[in-house]
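Just start35.csv here, CSV, C-alpha atoms and all ligand atoms:
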```
chain,number,residue,atom,x,y,z
A,17,MET,CA,60.2,-264.0,-29.2
A,18,THR,CA,63.3,-265.2,-31.1
A,19,ARG,CA,63.1,-266.0,-34.8
A,20,ASP,CA,63.2,-269.8,-34.3
A,21,ARG,CA,60.4,-269.6,-31.6
A,22,ASP,CA,58.3,-267.4,-33.9
A,23,ILE,CA,58.5,-269.9,-36.7
A,24,ALA,CA,58.0,-272.9,-34.3
A,25,ALA,CA,54.9,-271.2,-33.0
A,26,PHE,CA,53.5,-271.0,-36.6
A,27,ASP,CA,54.5,-274.6,-37.1
A,28,GLU,CA,52.4,-275.7,-34.1
A,29,ARG,CA,49.4,-273.5,-35.1
A,30,ALA,CA,49.3,-274.7,-38.7
A,31,GLY,CA,46.6,-277.5,-38.2
A,32,GLY,CA,43.9,-275.2,-36.9
A,33,TYR,CA,45.2,-272.0,-38.5
A,34,GLU,CA,42.2,-271.4,-40.8
A,35,GLY,CA,39.6,-272.0,-38.1
A,36,GLY,CA,37.9,-269.6,-35.6
A,37,TRP,CA,37.6,-265.8,-35.7
A,38,LEU,CA,41.3,-265.3,-36.3
A,39,GLY,CA,41.2,-267.7,-39.3
A,40,ARG,CA,38.3,-265.7,-40.7
A,41,LEU,CA,40.1,-262.4,-40.2
A,42,HIS,CA,43.1,-263.7,-42.1
A,43,GLN,CA,40.8,-264.8,-44.9
A,44,GLN,CA,39.1,-261.4,-45.1
A,45,ILE,CA,42.5,-259.8,-45.3
A,46,ALA,CA,43.6,-262.2,-48.0
A,47,ASP,CA,40.4,-261.6,-50.0
A,48,ARG,CA,40.9,-257.9,-49.9
A,49,THR,CA,44.6,-258.3,-50.8
A,50,ALA,CA,43.5,-260.5,-53.8
A,51,ASP,CA,41.1,-257.8,-54.9
A,52,LEU,CA,43.8,-255.1,-54.8
A,53,ALA,CA,46.4,-257.4,-56.5
A,54,LEU,CA,44.1,-258.1,-59.4
A,55,ALA,CA,42.9,-254.5,-59.9
A,56,VAL,CA,43.4,-253.2,-63.4
A,57,ALA,CA,46.1,-250.8,-62.3
A,58,VAL,CA,48.1,-253.5,-60.5
A,59,ALA,CA,48.3,-257.0,-61.9
A,60,PRO,CA,45.0,-257.9,-63.6
A,61,GLU,CA,46.3,-261.1,-65.3
A,62,PRO,CA,49.4,-262.4,-63.6
A,63,GLN,CA,51.2,-265.4,-65.2
A,64,ARG,CA,53.5,-266.4,-62.3
A,65,VAL,CA,52.7,-265.5,-58.7
A,66,LEU,CA,54.7,-265.9,-55.5
A,67,ASP,CA,53.2,-265.7,-52.0
A,68,VAL,CA,56.0,-265.0,-49.4
A,69,GLY,CA,55.0,-266.3,-45.9
A,70,CYS,CA,52.1,-268.1,-47.5
A,71,GLY,CA,51.0,-269.9,-44.3
A,72,THR,CA,48.3,-272.5,-45.2
A,73,GLY,CA,47.9,-271.1,-48.7
A,74,TYR,CA,44.4,-269.6,-48.6
A,75,LEU,CA,45.4,-266.5,-50.6
A,76,LEU,CA,47.1,-268.5,-53.4
A,77,ARG,CA,44.1,-270.9,-53.6
A,78,GLU,CA,41.9,-267.8,-54.0
A,79,LEU,CA,44.2,-266.3,-56.7
A,80,ALA,CA,44.4,-269.6,-58.5
A,81,GLY,CA,40.6,-269.7,-58.7
A,82,ARG,CA,40.5,-266.1,-60.0
A,83,CYS,CA,43.4,-266.4,-62.5
A,84,PRO,CA,42.7,-269.0,-65.1
A,85,GLN,CA,45.5,-267.6,-67.2
A,86,ALA,CA,48.2,-268.1,-64.5
A,87,VAL,CA,50.8,-270.7,-65.2
A,88,GLU,CA,52.2,-271.2,-61.8
A,89,LEU,CA,51.4,-270.0,-58.2
A,90,VAL,CA,54.2,-270.7,-55.7
A,91,GLY,CA,53.9,-270.3,-51.9
A,92,ILE,CA,57.0,-270.2,-49.6
A,93,ASP,CA,57.0,-270.3,-45.8
A,94,PRO,CA,59.7,-271.3,-43.2
A,95,ALA,CA,57.2,-273.2,-41.0
A,96,ARG,CA,57.1,-276.8,-42.2
A,97,GLY,CA,53.6,-277.3,-40.7
A,98,MET,CA,52.2,-274.5,-42.8
A,99,ILE,CA,53.6,-276.0,-46.0
A,100,VAL,CA,52.2,-279.4,-45.0
A,101,ALA,CA,48.8,-277.9,-44.4
A,102,ALA,CA,49.0,-275.8,-47.7
A,103,ARG,CA,49.8,-279.0,-49.7
A,104,ALA,CA,47.0,-280.9,-48.1
A,105,ALA,CA,44.4,-278.1,-48.9
A,106,ALA,CA,45.7,-277.4,-52.4
A,107,ASP,CA,43.1,-278.0,-55.1
A,108,ASP,CA,44.8,-276.9,-58.3
A,109,ASP,CA,47.8,-278.4,-60.2
A,110,ARG,CA,49.3,-275.0,-60.7
A,111,LEU,CA,49.9,-274.6,-57.0
A,112,ARG,CA,53.4,-275.3,-55.6
A,113,TRP,CA,54.7,-275.1,-52.1
A,114,MET,CA,58.3,-274.7,-50.7
A,115,GLU,CA,59.9,-274.2,-47.3
A,116,GLY,CA,62.1,-271.0,-47.2
A,117,THR,CA,62.3,-267.4,-46.1
A,118,ALA,CA,61.8,-264.0,-47.7
A,119,GLU,CA,65.4,-263.2,-47.0
A,120,GLU,CA,66.7,-266.1,-49.3
A,121,LEU,CA,64.2,-266.8,-52.0
A,122,PRO,CA,65.3,-269.9,-53.9
A,123,PHE,CA,64.4,-268.6,-57.4
A,124,PRO,CA,66.3,-267.0,-60.2
A,125,GLU,CA,66.0,-263.3,-61.1
A,126,ALA,CA,62.9,-262.0,-62.8
A,127,CYS,CA,60.7,-265.1,-62.7
A,128,PHE,CA,57.5,-263.7,-61.2
A,129,ASP,CA,55.2,-260.9,-62.4
A,130,LEU,CA,53.3,-260.7,-59.1
A,131,VAL,CA,54.6,-261.2,-55.5
A,132,VAL,CA,52.0,-261.1,-52.7
A,133,SER,CA,52.4,-261.3,-48.9
A,134,THR,CA,49.8,-261.0,-46.1
A,135,THR,CA,50.6,-260.5,-42.4
A,136,SER,CA,54.0,-262.0,-42.8
A,137,PHE,CA,56.3,-259.0,-43.3
A,138,ASP,CA,56.4,-258.1,-39.6
A,139,HIS,CA,57.9,-261.5,-38.9
A,140,TRP,CA,60.7,-261.3,-41.4
A,141,ALA,CA,64.0,-261.2,-39.5
A,142,ASP,CA,65.6,-258.8,-42.1
A,143,GLN,CA,62.9,-256.9,-43.9
A,144,GLN,CA,65.3,-254.9,-46.1
A,145,ALA,CA,66.9,-258.2,-47.3
A,146,GLY,CA,63.4,-259.7,-47.9
A,147,LEU,CA,62.2,-256.7,-49.9
A,148,ALA,CA,65.4,-256.8,-52.0
A,149,GLU,CA,64.7,-260.5,-52.7
A,150,CYS,CA,61.1,-259.7,-53.7
A,151,ALA,CA,62.5,-257.1,-56.1
A,152,ARG,CA,65.1,-259.5,-57.5
A,153,VAL,CA,62.6,-262.3,-58.4
A,154,LEU,CA,60.1,-259.8,-60.0
A,155,VAL,CA,60.3,-259.0,-63.7
A,156,PRO,CA,60.9,-255.3,-64.4
A,157,GLY,CA,57.5,-253.6,-63.9
A,158,GLY,CA,56.2,-256.6,-61.9
A,159,ARG,CA,54.2,-255.8,-58.8
A,160,LEU,CA,54.6,-256.4,-55.1
A,161,VAL,CA,51.3,-256.4,-53.0
A,162,LEU,CA,52.2,-256.5,-49.3
A,163,THR,CA,49.6,-256.4,-46.5
A,164,ASP,CA,50.4,-256.0,-42.8
A,165,LEU,CA,50.0,-254.0,-39.7
A,166,PHE,CA,51.0,-250.4,-40.7
A,167,SER,CA,50.0,-247.4,-38.7
A,168,GLY,CA,50.1,-243.8,-39.9
A,169,TRP,CA,52.5,-242.9,-37.1
A,170,LEU,CA,54.7,-244.7,-34.6
A,171,THR,CA,52.8,-245.1,-31.3
A,172,PRO,CA,54.7,-245.7,-28.1
A,173,THR,CA,53.6,-249.3,-27.9
A,174,LEU,CA,55.2,-250.1,-31.2
A,175,VAL,CA,58.6,-248.5,-30.4
A,176,GLY,CA,59.8,-250.9,-27.8
A,177,GLY,CA,58.9,-254.4,-29.0
A,178,ARG,CA,60.1,-254.4,-32.6
A,179,ARG,CA,62.2,-251.3,-33.0
A,180,HIS,CA,63.9,-252.7,-36.2
A,181,LYS,CA,60.6,-253.5,-37.9
A,182,ALA,CA,58.8,-251.1,-40.3
A,183,ARG,CA,55.4,-250.7,-38.8
A,184,THR,CA,54.7,-247.2,-40.2
A,185,LYS,CA,53.8,-246.3,-43.7
A,186,ARG,CA,56.7,-243.9,-43.8
A,187,ARG,CA,59.3,-246.4,-42.7
A,188,ALA,CA,58.0,-249.2,-45.0
A,189,SER,CA,57.9,-246.8,-48.0
A,190,ARG,CA,61.5,-245.9,-47.4
A,191,ARG,CA,62.5,-249.6,-47.2
A,192,LEU,CA,60.5,-250.3,-50.4
A,193,GLU,CA,62.3,-247.5,-52.3
A,194,ARG,CA,65.7,-248.6,-51.0
A,195,ALA,CA,64.9,-252.1,-52.4
A,196,GLY,CA,64.3,-250.5,-55.8
A,197,PHE,CA,60.5,-250.3,-55.8
A,198,LEU,CA,58.6,-247.4,-57.5
A,199,ASP,CA,55.0,-246.2,-57.6
A,200,VAL,CA,54.5,-247.0,-53.9
A,201,GLN,CA,50.7,-246.7,-53.1
A,202,TRP,CA,48.9,-247.3,-49.8
A,203,HIS,CA,45.4,-248.8,-49.4
A,204,ASP,CA,43.3,-249.2,-46.2
A,205,VAL,CA,42.2,-252.8,-45.6
A,206,GLU,CA,40.9,-253.6,-42.1
A,207,ALA,CA,40.5,-252.0,-38.7
A,208,VAL,CA,42.5,-248.8,-39.4
A,209,VAL,CA,45.9,-250.4,-39.0
A,210,ILE,CA,45.8,-253.2,-41.5
A,211,ARG,CA,47.0,-251.7,-44.8
A,212,THR,CA,48.2,-252.9,-48.2
A,213,VAL,CA,51.1,-251.3,-50.0
A,214,THR,CA,51.4,-251.9,-53.8
A,215,ALA,CA,54.6,-251.1,-55.6
A,216,ALA,CA,56.3,-251.8,-59.0
A,217,ARG,CA,59.8,-253.2,-59.5
A,218,GLY,CA,61.8,-250.5,-61.2
B,1,LIG,C1,50.5,-264.5,-39.5
B,1,LIG,S1,51.1,-265.8,-40.6
B,1,LIG,C2,50.4,-265.3,-42.1
B,1,LIG,C3,50.2,-266.5,-43.0
B,1,LIG,C4,49.4,-266.1,-44.3
B,1,LIG,N1,50.1,-265.3,-45.2
B,1,LIG,C5,48.0,-265.5,-43.9
B,1,LIG,O1,47.8,-264.4,-44.3
B,1,LIG,O2,47.2,-266.2,-43.3
B,1,LIG,C6,52.8,-265.3,-40.8
B,1,LIG,C7,53.6,-266.3,-41.7
B,1,LIG,O3,54.9,-265.7,-42.0
B,1,LIG,C8,55.8,-266.8,-41.9
B,1,LIG,N2,57.2,-266.2,-41.7
B,1,LIG,C9,57.9,-266.0,-40.6
B,1,LIG,N3,59.1,-265.5,-40.9
B,1,LIG,C10,59.2,-265.5,-42.2
B,1,LIG,C11,60.3,-265.1,-43.1
B,1,LIG,N4,61.4,-264.7,-42.7
B,1,LIG,N5,60.0,-265.2,-44.4
B,1,LIG,C12,58.8,-265.6,-44.9
B,1,LIG,N6,57.8,-266.0,-44.1
B,1,LIG,C13,58.0,-265.9,-42.8
B,1,LIG,C14,55.4,-267.6,-40.7
B,1,LIG,O4,55.9,-268.9,-40.8
B,1,LIG,C15,53.9,-267.6,-40.9
B,1,LIG,O5,53.4,-268.7,-41.7
```
Just dump the structure as structure tokens.
Ligand SMILES: C[S@@+](CC[C@H](N)C(=O)[O-])C[C@H]1O[C@@H](n2cnc3c(N)ncnc32)[C@H](O)[C@@H]1O
Amino acid sequence: MTRDRDIAAFDERAGGYEGGWLGRLHQQIADRTADLALAVAVAPEPQRVLDVGCGTGYLLRELAGRCPQAVELVGIDPARGMIVAARAAADDDRLRWMEGTAEELPFPEACFDLVVSTTSFDHWADQQAGLAECARVLVPGGRLVLTDLFSGWLTPTLVGGRRHKARTKRRASRRLERAGFLDVQWHDVEAVVIRTVTAARG
């Protein structure tokens, strides 16, 4: 699937995205990601939060509810339908939504202390550029919490389809380190292959 078709597909799915078993699975993954993000050792009291590839905004709504001290929580996604749905479901004045991609984040340097992303990284056209952007917008010491499909090894089915994507822990760790992240730590989340990686901006 080309990049434009990938985003167009999310655009079309936006209306019913939070329904059904797949919607519930995404919410479970987001809940677990929120738990890991707000853990004492990660970012227990973030002030400014960015969700990259936010979809309909479930994770940011959860974080807003659990972070009374947060000043601003921003979601960005290239699929307009997702942003429209996120705005419609938003229930907190601190939530803000924008169209855009991980590879070109429209923010100045060092303006977030927590960047989160769930099941979006595998769709980024240029993962290395996206990670570099996440590092750029984080304050020094700020945290990235990234959840996606990551296996412990590269199975044959993963090699063909998305050769340029980091779908193993090893390859993703290398990309994070190349983007300037330190303290890379892995956490199991769901069904053996859904994992979260946490890292600090150096
Ligand atoms: C499977 S959905 C996940 C949405 C949401 N984070 C969740 O967990 O439910 C993947 C999202 O990534 C977005 N996406 C695709 N390419 C992207 C890019 N280059 N940068 C940021 N987000 C992207 C899609 O538009 C889509 O909303």
Ligand LIG 1 (chain B): which residues are within 7 Å, counting all atoms listed in the file? Reply as a PyMOL selection string. chain A and resi 22-23+26-27+42-43+46+68-74+92-95+98+116-119+133-137+139-141
Okay, now the selection with C-alpha atoms, as a PDB file, in the frame of the given file?
```pdb
ATOM      1  CA  ASP A  22      58.300-267.400 -33.900  1.00  0.00           C
ATOM      2  CA  ILE A  23      58.500-269.900 -36.700  1.00  0.00           C
ATOM      3  CA  PHE A  26      53.500-271.000 -36.600  1.00  0.00           C
ATOM      4  CA  ASP A  27      54.500-274.600 -37.100  1.00  0.00           C
ATOM      5  CA  HIS A  42      43.100-263.700 -42.100  1.00  0.00           C
ATOM      6  CA  GLN A  43      40.800-264.800 -44.900  1.00  0.00           C
ATOM      7  CA  ALA A  46      43.600-262.200 -48.000  1.00  0.00           C
ATOM      8  CA  VAL A  68      56.000-265.000 -49.400  1.00  0.00           C
ATOM      9  CA  GLY A  69      55.000-266.300 -45.900  1.00  0.00           C
ATOM     10  CA  CYS A  70      52.100-268.100 -47.500  1.00  0.00           C
ATOM     11  CA  GLY A  71      51.000-269.900 -44.300  1.00  0.00           C
ATOM     12  CA  THR A  72      48.300-272.500 -45.200  1.00  0.00           C
ATOM     13  CA  GLY A  73      47.900-271.100 -48.700  1.00  0.00           C
ATOM     14  CA  TYR A  74      44.400-269.600 -48.600  1.00  0.00           C
ATOM     15  CA  ILE A  92      57.000-270.200 -49.600  1.00  0.00           C
ATOM     16  CA  ASP A  93      57.000-270.300 -45.800  1.00  0.00           C
ATOM     17  CA  PRO A  94      59.700-271.300 -43.200  1.00  0.00           C
ATOM     18  CA  ALA A  95      57.200-273.200 -41.000  1.00  0.00           C
ATOM     19  CA  MET A  98      52.200-274.500 -42.800  1.00  0.00           C
ATOM     20  CA  GLY A 116      62.100-271.000 -47.200  1.00  0.00           C
ATOM     21  CA  THR A 117      62.300-267.400 -46.100  1.00  0.00           C
ATOM     22  CA  ALA A 118      61.800-264.000 -47.700  1.00  0.00           C
ATOM     23  CA  GLU A 119      65.400-263.200 -47.000  1.00  0.00           C
ATOM     24  CA  SER A 133      52.400-261.300 -48.900  1.00  0.00           C
ATOM     25  CA  THR A 134      49.800-261.000 -46.100  1.00  0.00           C
ATOM     26  CA  THR A 135      50.600-260.500 -42.400  1.00  0.00           C
ATOM     27  CA  SER A 136      54.000-262.000 -42.800  1.00  0.00           C
ATOM     28  CA  PHE A 137      56.300-259.000 -43.300  1.00  0.00           C
ATOM     29  CA  HIS A 139      57.900-261.500 -38.900  1.00  0.00           C
ATOM     30  CA  TRP A 140      60.700-261.300 -41.400  1.00  0.00           C
ATOM     31  CA  ALA A 141      64.000-261.200 -39.500  1.00  0.00           C
TER      32      ALA A 141
END
```
Could you give me, as a JSON list (two decimals) with C-alpha atoms, keeping the file's coordinate frame, the residues within 12 Å of A:Arg186, counting only C-alpha atoms and dropping anything in the same chain fewer than 2 positions from it?
```json
[["chain", "number", "residue", "atom", "x", "y", "z"],
["A", 166, "PHE", "CA", 51.00, -250.40, -40.70],
["A", 167, "SER", "CA", 50.00, -247.40, -38.70],
["A", 168, "GLY", "CA", 50.10, -243.80, -39.90],
["A", 169, "TRP", "CA", 52.50, -242.90, -37.10],
["A", 170, "LEU", "CA", 54.70, -244.70, -34.60],
["A", 181, "LYS", "CA", 60.60, -253.50, -37.90],
["A", 182, "ALA", "CA", 58.80, -251.10, -40.30],
["A", 183, "ARG", "CA", 55.40, -250.70, -38.80],
["A", 184, "THR", "CA", 54.70, -247.20, -40.20],
["A", 188, "ALA", "CA", 58.00, -249.20, -45.00],
["A", 189, "SER", "CA", 57.90, -246.80, -48.00],
["A", 190, "ARG", "CA", 61.50, -245.90, -47.40],
["A", 191, "ARG", "CA", 62.50, -249.60, -47.20],
["A", 192, "LEU", "CA", 60.50, -250.30, -50.40],
["A", 193, "GLU", "CA", 62.30, -247.50, -52.30],
["A", 200, "VAL", "CA", 54.50, -247.00, -53.90],
["A", 201, "GLN", "CA", 50.70, -246.70, -53.10],
["A", 202, "TRP", "CA", 48.90, -247.30, -49.80],
["A", 213, "VAL", "CA", 51.10, -251.30, -50.00]]
```
Record the distance separating atom CA of A:Leu111 and atom CA of A:Asp164, expressed in Å with one decimal.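 So the two atoms, atom CA of A:Leu111 and atom CA of A:Asp164, lie 23.4 Å apart.
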Spatial neighbours of A:Ala57, 12 Å, only C-alpha atoms, chain gap at least 3 places, as a PyMOL selection string: chain A and resi 51-54+60-61+157-159+199+201+214-216
Kindly indicate which residue among A:Arg48, A:Val100, A:Gln143, A:Ala105 lies nearest to A:Arg211, using all atoms listed in the file for the distances.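 Selected residue with least distance to A:Arg211: A:Arg48.
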Rounded to one decimal in Å, what is the spacing between atom CA of A:Val161 and atom CA of A:Asp67? 9.5 Å
Which is closer to A:Glu115 than all the others in A:Gly196, A:Gly97, A:Gly31, A:Pro62, using all atoms listed in the file? A:Gly97
Could you check which of A:Ala145, A:Ala25, A:Ile210, A:Ala80 is closest to A:Val65, using only C-alpha atoms?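 Checking each candidate against A:Val65, we get A:Ala80 as the closest.
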For atom CA of A:His203 and atom CA of A:Gly81, determine how far apart the two atoms are, in Å to one decimal place.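 Computing it gives 23.4 Å between the two atoms.
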Might you pull out every residue within 8 Å of A:Arg77, with all atoms listed in the file counted and same-chain residues fewer than 6 positions away left off, and present them as a ChimeraX atom specification? /A:106-108,111
Next, the residues of the selection above should be written as an mmCIF file, in the frame of the given file with C-alpha atoms.
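Dumped everything to selection-v4.cif:
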```cif
data_model
loop_
_atom_site.group_PDB
_atom_site.id
_atom_site.type_symbol
_atom_site.label_atom_id
_atom_site.label_comp_id
_atom_site.auth_asym_id
_atom_site.auth_seq_id
_atom_site.Cartn_x
_atom_site.Cartn_y
_atom_site.Cartn_z
ATOM 1 C CA ALA A 106 45.700 -277.400 -52.400
ATOM 2 C CA ASP A 107 43.100 -278.000 -55.100
ATOM 3 C CA ASP A 108 44.800 -276.900 -58.300
ATOM 4 C CA LEU A 111 49.900 -274.600 -57.000
#
```
Here's a test: counting only C-alpha atoms, identify every protein, DNA and RNA residue with an atom at most 9 Å from (63.1, -265.7, -65.3) in the file's coordinate frame, and state them as an MDAnalysis selection string. chainID A and resid 123:128 153:155
For A:Pro156, which residue among A:Arg29, A:Arg217, A:Arg21, A:His180 is the nearest when counting only C-alpha atoms?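 Of all the options, A:Arg217 lies closest to A:Pro156.
If you measure from each of A:Val87, A:Leu121, A:Ala151, A:Leu130 to A:Asp109 using all atoms listed in the file, the closest one turns out to be A:Val87.
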